[in-house]
file data-v8.cif (mmCIF, C-alpha atoms)
data_input
#
loop_
_atom_site.label_atom_id
_atom_site.label_comp_id
_atom_site.auth_asym_id
_atom_site.auth_seq_id
_atom_site.Cartn_x
_atom_site.Cartn_y
_atom_site.Cartn_z
CA MET A 769 -20.67 11.33 -10.64
CA ILE A 770 -18.98 8.76 -8.45
CA ASP A 771 -16.59 6.78 -10.64
CA ILE A 772 -15.72 3.24 -9.67
CA GLU A 773 -13.33 0.90 -11.44
CA ILE A 774 -13.55 -2.79 -10.61
CA THR A 775 -10.53 -4.92 -11.47
CA ILE A 776 -11.08 -8.66 -11.49
CA GLN A 777 -8.96 -11.69 -12.38
CA GLU A 778 -10.18 -13.79 -15.29
CA GLY A 779 -12.19 -16.79 -14.13
CA CYS A 780 -12.80 -15.48 -10.61
CA ILE A 781 -15.99 -13.44 -10.89
CA PRO A 782 -18.57 -15.02 -13.22
CA GLU A 783 -20.22 -12.67 -15.69
CA GLU A 784 -23.67 -13.71 -14.50
CA ILE A 785 -23.18 -12.15 -11.06
CA ARG A 786 -21.68 -8.86 -12.16
CA ASP A 787 -24.98 -7.03 -12.38
CA ALA A 788 -25.75 -8.17 -8.85
CA LEU A 789 -22.35 -6.89 -7.72
CA VAL A 790 -23.06 -3.51 -9.28
CA THR A 791 -26.40 -3.42 -7.47
CA SER A 792 -24.68 -4.35 -4.24
CA ILE A 793 -22.28 -1.42 -4.59
CA ASN A 794 -25.17 0.95 -5.23
CA ASP A 795 -26.89 -0.54 -2.18
CA ALA A 796 -23.80 0.08 -0.08
CA PHE A 797 -23.84 3.75 -1.02
CA ASP A 798 -27.55 3.94 -0.22
CA GLN A 799 -27.01 2.15 3.09
CA THR A 800 -24.19 4.54 4.02
CA PHE A 801 -25.44 7.88 2.67
CA GLY A 802 -29.15 7.31 2.23
CA SER A 803 -30.37 8.44 -1.16
CA ASN A 804 -28.28 11.62 -0.88
CA HIS A 805 -25.32 10.74 -3.06
CA GLU A 806 -24.22 11.32 -6.62
CA SER A 807 -25.02 8.78 -9.28
CA ILE A 808 -22.51 5.96 -9.69
CA SER A 809 -20.64 4.94 -12.82
CA ILE A 810 -18.91 1.55 -12.80
CA ASN A 811 -16.27 0.23 -15.20
CA TRP A 812 -14.90 -3.30 -15.26
CA LEU A 813 -11.33 -4.29 -16.07
CA GLN A 814 -10.56 -8.00 -16.33
CA ILE A 815 -6.96 -9.11 -15.96
CA PRO A 816 -6.36 -12.20 -18.17
CA LYS A 817 -5.11 -15.40 -16.57
CA GLY A 818 -1.38 -15.27 -16.11
CA PHE A 819 -1.28 -11.49 -15.95
CA GLY A 820 -2.23 -10.82 -12.32
CA PHE A 821 -0.15 -11.68 -9.26
CA ARG A 822 -0.34 -11.22 -5.51
CA GLY A 823 2.66 -11.81 -3.30
CA GLY A 824 4.39 -13.17 -6.39
CA VAL A 825 1.83 -15.92 -7.09
CA PRO A 826 -1.21 -15.89 -9.42
CA SER A 827 -3.88 -13.60 -8.02
CA THR A 828 -7.57 -14.25 -7.45
CA THR A 829 -8.18 -10.87 -5.80
CA SER A 830 -10.63 -8.24 -6.98
CA ASN A 831 -10.17 -4.53 -6.48
CA VAL A 832 -13.03 -2.04 -6.15
CA ARG A 833 -11.55 1.43 -6.50
CA GLY A 834 -13.65 4.57 -6.43
CA VAL A 835 -13.57 8.35 -6.36
CA ILE A 836 -15.98 10.14 -4.04
CA PRO A 837 -16.68 13.80 -3.29
CA ASP A 838 -14.33 15.46 -0.86
CA GLY A 839 -15.37 15.85 2.74
CA CYS A 840 -16.25 12.31 3.72
CA ASP A 841 -15.18 11.75 7.33
CA GLN A 842 -13.20 8.65 8.23
CA LYS A 843 -16.00 6.97 10.16
CA THR A 844 -18.38 7.26 7.21
CA ARG A 845 -15.69 6.21 4.73
CA GLU A 846 -14.94 3.10 6.80
CA ALA A 847 -18.64 2.31 7.01
CA LEU A 848 -18.87 2.58 3.22
CA LEU A 849 -15.81 0.40 2.62
CA SER A 850 -17.12 -2.21 5.06
CA GLN A 851 -20.57 -2.26 3.50
CA ILE A 852 -19.19 -2.62 -0.03
CA GLY A 853 -16.95 -5.46 1.15
CA GLU A 854 -19.75 -7.21 3.02
CA ASN A 855 -22.11 -6.93 0.05
CA TRP A 856 -19.41 -8.07 -2.40
CA CYS A 857 -18.65 -11.18 -0.34
CA SER A 858 -22.32 -11.94 0.13
CA VAL A 859 -23.03 -11.82 -3.61
CA SER A 860 -19.84 -13.46 -4.87
CA GLY A 861 -19.21 -15.96 -2.10
CA VAL A 862 -15.55 -14.98 -1.84
CA LEU A 863 -13.83 -14.40 1.46
CA GLU A 864 -13.05 -10.85 2.57
CA ASP A 865 -9.37 -11.45 1.85
CA GLU A 866 -10.20 -11.67 -1.84
CA VAL A 867 -11.46 -8.13 -2.30
CA ILE A 868 -9.76 -4.79 -1.78
CA ILE A 869 -11.90 -1.70 -1.55
CA SER A 870 -10.73 1.89 -1.66
CA MET A 871 -12.48 5.22 -1.97
CA ARG A 872 -10.37 8.32 -2.52
CA ASP A 873 -11.28 11.98 -2.49
CA ARG A 874 -11.99 13.56 -5.84
CA SER A 875 -9.39 16.27 -5.29
CA TRP A 876 -6.59 13.90 -4.26
CA ASN A 877 -3.70 14.17 -6.72
CA GLY A 878 -1.83 11.05 -5.69
CA MET B 1234 -1.70 -2.01 -1.73
CA PRO B 1235 0.89 -1.69 -3.13
CA ASN B 1236 -0.32 -2.11 -6.65
CA TYR B 1237 1.99 -2.16 -9.65
CA ARG B 1238 0.60 -2.15 -13.17
CA CYS B 1239 3.11 -2.91 -15.90
CA LEU B 1240 2.05 -1.55 -19.27
CA ILE B 1241 3.66 -3.66 -21.95
CA PRO B 1242 3.32 -4.16 -25.72
CA LYS B 1243 1.22 -7.13 -26.80
CA ASP B 1244 3.06 -10.47 -26.53
CA ALA B 1245 6.18 -8.71 -25.22
CA LEU B 1246 6.62 -10.95 -22.15
CA SER B 1247 6.17 -14.68 -21.60
CA TYR B 1248 4.27 -16.06 -18.62
CA ASP B 1249 7.58 -17.08 -17.07
CA GLN B 1250 8.91 -13.54 -17.38
CA ARG B 1251 5.74 -12.04 -15.93
CA ALA B 1252 5.81 -14.42 -12.98
CA ARG B 1253 9.49 -13.74 -12.30
CA ILE B 1254 8.93 -9.99 -12.55
CA ALA B 1255 6.01 -10.20 -10.14
CA THR B 1256 8.15 -12.11 -7.63
CA ALA B 1257 11.02 -9.65 -8.08
CA PHE B 1258 8.69 -6.69 -7.57
CA THR B 1259 7.46 -8.29 -4.37
CA ASP B 1260 11.06 -8.85 -3.24
CA VAL B 1261 12.01 -5.24 -4.02
CA HIS B 1262 9.00 -3.65 -2.39
CA CYS B 1263 9.10 -5.78 0.74
CA GLY B 1264 12.87 -5.65 1.02
CA ILE B 1265 12.78 -1.87 1.17
CA SER B 1266 9.49 -1.22 2.90
CA ALA B 1267 9.15 -4.31 5.16
CA ALA B 1268 5.52 -4.59 4.05
CA PRO B 1269 3.93 -8.07 4.09
CA ARG B 1270 4.44 -9.91 0.80
CA ASN B 1271 0.76 -10.67 0.51
CA PHE B 1272 0.12 -6.93 0.16
CA VAL B 1273 1.92 -6.67 -3.17
CA HIS B 1274 -0.26 -6.81 -6.29
CA VAL B 1275 1.23 -6.81 -9.78
CA GLN B 1276 -0.71 -6.74 -13.06
CA PHE B 1277 0.48 -6.74 -16.63
CA ILE B 1278 -1.65 -4.81 -19.08
CA GLU B 1279 -0.95 -5.19 -22.77
CA GLN B 1280 -1.48 -2.05 -24.78
CA ASP B 1281 0.06 -0.85 -28.00
CA GLY B 1282 0.19 2.76 -29.00
CA ASN B 1283 -1.36 4.14 -25.85
CA SER B 1284 0.67 6.59 -23.85
CA GLN B 1285 -1.58 7.18 -20.90
CA ILE B 1286 -3.36 5.31 -18.16
CA SER B 1287 -5.69 6.27 -15.36
CA ASN B 1288 -4.05 7.01 -12.03
CA THR B 1289 -5.35 4.53 -9.45
CA HIS B 1290 -4.34 6.85 -6.62
CA GLY B 1291 -4.99 10.29 -8.08
CA ASN B 1292 -7.38 12.36 -10.14
CA SER B 1293 -5.52 12.57 -13.41
CA GLU B 1294 -4.34 10.46 -16.29
CA ILE B 1295 -0.68 9.42 -16.25
CA THR B 1296 1.13 10.09 -19.52
CA PHE B 1297 4.36 8.45 -20.59
CA ASP B 1298 6.57 8.13 -23.64
CA THR B 1299 8.34 4.78 -23.22
CA LYS B 1300 7.35 1.39 -24.64
CA TYR B 1301 7.06 -0.03 -21.12
CA TYR B 1302 5.69 1.73 -18.10
CA ILE B 1303 5.30 0.86 -14.42
CA ALA B 1304 2.37 2.62 -12.78
CA GLY B 1305 2.55 2.12 -9.05
CA GLY B 1306 0.29 2.93 -6.14
CA ASN B 1307 1.55 2.89 -2.55
CA ARG B 1308 0.38 3.88 0.89
CA ALA B 1309 1.33 7.49 1.57
CA GLY B 1310 3.70 8.35 4.37
CA ARG B 1311 7.08 7.00 3.34
CA PRO B 1312 9.97 9.43 2.74
CA PRO B 1313 10.36 10.40 -0.96
CA GLU B 1314 13.77 8.76 -1.12
CA VAL B 1315 12.23 5.42 -0.13
CA LYS B 1316 9.65 5.72 -2.90
CA ASP B 1317 12.45 6.55 -5.37
CA GLN B 1318 14.49 3.59 -4.16
CA ILE B 1319 11.54 1.27 -4.70
CA LEU B 1320 10.90 2.57 -8.22
CA VAL B 1321 14.55 2.29 -9.23
CA GLY B 1322 14.62 -1.25 -7.89
CA LEU B 1323 11.47 -2.22 -9.79
CA ILE B 1324 12.76 -0.83 -13.07
CA GLU B 1325 16.12 -2.53 -12.64
CA GLU B 1326 14.50 -5.90 -12.01
CA PHE B 1327 12.06 -5.42 -14.87
CA CYS B 1328 14.92 -4.78 -17.28
CA ARG B 1329 17.05 -7.60 -15.91
CA ILE B 1330 14.32 -10.21 -16.31
CA SER B 1331 12.76 -8.97 -19.54
CA GLY B 1332 15.96 -7.99 -21.33
CA VAL B 1333 14.39 -4.67 -22.20
CA SER B 1334 16.69 -1.65 -22.43
CA ARG B 1335 16.57 0.78 -19.50
CA ASN B 1336 15.82 3.53 -22.03
CA ASP B 1337 12.52 1.84 -22.90
CA VAL B 1338 11.13 1.72 -19.35
CA SER B 1339 9.82 4.47 -17.09
CA GLY B 1340 7.51 4.61 -14.12
CA HIS B 1341 5.83 6.54 -11.36
CA ILE B 1342 4.51 5.69 -7.91
CA SER B 1343 1.39 7.52 -6.77
CA GLU B 1344 0.28 7.48 -3.15
CA GLY B 1345 -2.89 7.47 -1.14
CA PRO B 1346 -3.73 7.46 2.55
CA ALA B 1347 -3.76 3.96 4.04
CA SER B 1348 -6.97 4.83 5.88
CA TRP B 1349 -8.83 5.04 2.55
CA VAL B 1350 -8.24 1.35 1.79
CA MET B 1351 -9.78 -1.82 3.19
CA GLU B 1352 -8.01 -5.10 2.55
CA GLY B 1353 -8.93 -8.39 4.20
CA GLY B 1354 -11.80 -6.65 5.95
CA HIS B 1355 -9.48 -4.22 7.74
CA ILE B 1356 -8.44 -0.65 7.12
CA LEU B 1357 -4.81 -0.69 6.05
CA PRO B 1358 -2.30 0.35 8.70
CA GLU B 1359 0.07 3.23 8.12
CA PRO B 1360 3.43 2.18 6.58
CA GLY B 1361 5.59 0.65 9.29
CA GLU B 1362 2.67 -0.01 11.64
CA GLU B 1363 1.65 -3.39 10.27
CA PRO B 1364 0.59 -5.67 13.13
CA PRO B 1365 2.38 -9.07 13.32
CA GLU B 1366 -0.69 -11.02 12.22
CA TRP B 1367 -0.52 -9.36 8.77
CA TYR B 1368 2.63 -11.38 8.07
CA GLN B 1369 1.07 -14.76 8.88
CA ASN B 1370 -0.14 -15.26 5.31
CA ASP B 1371 3.17 -14.29 3.72
CA VAL B 1372 4.22 -16.63 0.93
#

call {"tool": "encode", "arguments": {"input": "data-v8.cif", "output": "structure tokens"}}
result
Amino acid sequence: MIDIEITIQEGCIPEEIRDALVTSINDAFDQTFGSNHESISINWLQIPKGFGFRGGVPSTTSNVRGVIPDGCDQKTREALLSQIGENWCSVSGVLEDEVIISMRDRSWNG
Amino acid sequence: MPNYRCLIPKDALSYDQRARIATAFTDVHCGISAAPRNFVHVQFIEQDGNSQISNTHGNSEITFDTKYYIAGGNRAGRPPEVKDQILVGLIEEFCRISGVSRNDVSGHISEGPASWVMEGGHILPEPGEEPPEWYQNDV
């Protein structure tokens, strides 16, 4: 299972587009790996207004953070990150500066 | 990146305190690491009674036993003493602004390769290799 946690700031990503964003992430995996990838589980975490900051000022930035199987080469990982970002911006209308995407190896301990 | 999540009891901090802590965290991190200020993300998560949180940069849960906890995530590649210096600085500022006792705060900074992260449409540079244009949006 590929686990993805999406952190958003309250008021920035309307509830009505979240299903489309989930679909867009699934699409990005399909576009990058074909149908040969594990199923994807997505959790949402919303930071209330006044509780998220970027550079010391209130944040409007979303974060898409996932765990993928080990062994993904850098070129493929970059392609995946780019595709997720492109799809996210296309669905949400935000600029690329407003979304951070990361995919780490399952075995990485931090 | 970096990302700092402050786990706090419900209603423990005012908006003013949270904003000042976020600014102070940005000052600490950037003062030590020379990273662009716009890189620094700080969130406050209210939770009572929980003593663990998912690790945003690793494969395990982080457990802790203090009322307040700072869970950080940084780009890998800095010397350990720099990471320690950052964490000490964050905790000091947190206590100074919040008035919370040092005994009630703990923290940890996890790390991940910069090349696994895309921010602003670009793969993050390694620590210390930030191109000049990354600082243009600094606040």

call {"tool": "interface_residues", "arguments": {"input": "data-v8.cif", "of": "chain A", "to": "chain B", "cutoff": "6 Å", "atoms": "all atoms listed in the file", "output": "list in words"}}
result
Phe819, Gly820, Phe821, Arg822, Gly823, Gly824, Glu864, Asp865, Ile868, Ile869, Ser870, Met871, Trp876, Asn877 and Gly878 of chain A

call {"tool": "resolve_selection", "arguments": {"input": "data-v8.cif", "expression": "the PyMOL selection byres ((chain B and resi 1295) around 9)", "output": "number ranges by chain"}}
result
B: 1284-1288, 1293-1294, 1296-1297, 1304, 1341

call {"tool": "residues_around", "arguments": {"input": "data-v8.cif", "residues": "segment 840-852 of chain A", "least_positions_apart": "4", "cutoff": "6 Å", "atoms": "all atoms listed in the file", "output": "ChimeraX atom specification"}}
result
/A:793,796,800,856

call {"tool": "atom_distance", "arguments": {"input": "data-v8.cif", "atom1": "atom CA of Asn831 of chain A", "atom2": "atom CA of Glu773 of chain A"}}
result
8.0 Å

call {"tool": "resolve_selection", "arguments": {"input": "data-v8.cif", "expression": "the PyMOL selection byres ((chain B and resi 1337) around 6)", "output": "list in words"}}
result
Thr1299, Lys1300, Ser1334, Arg1335, Asn1336 and Val1338 of chain B
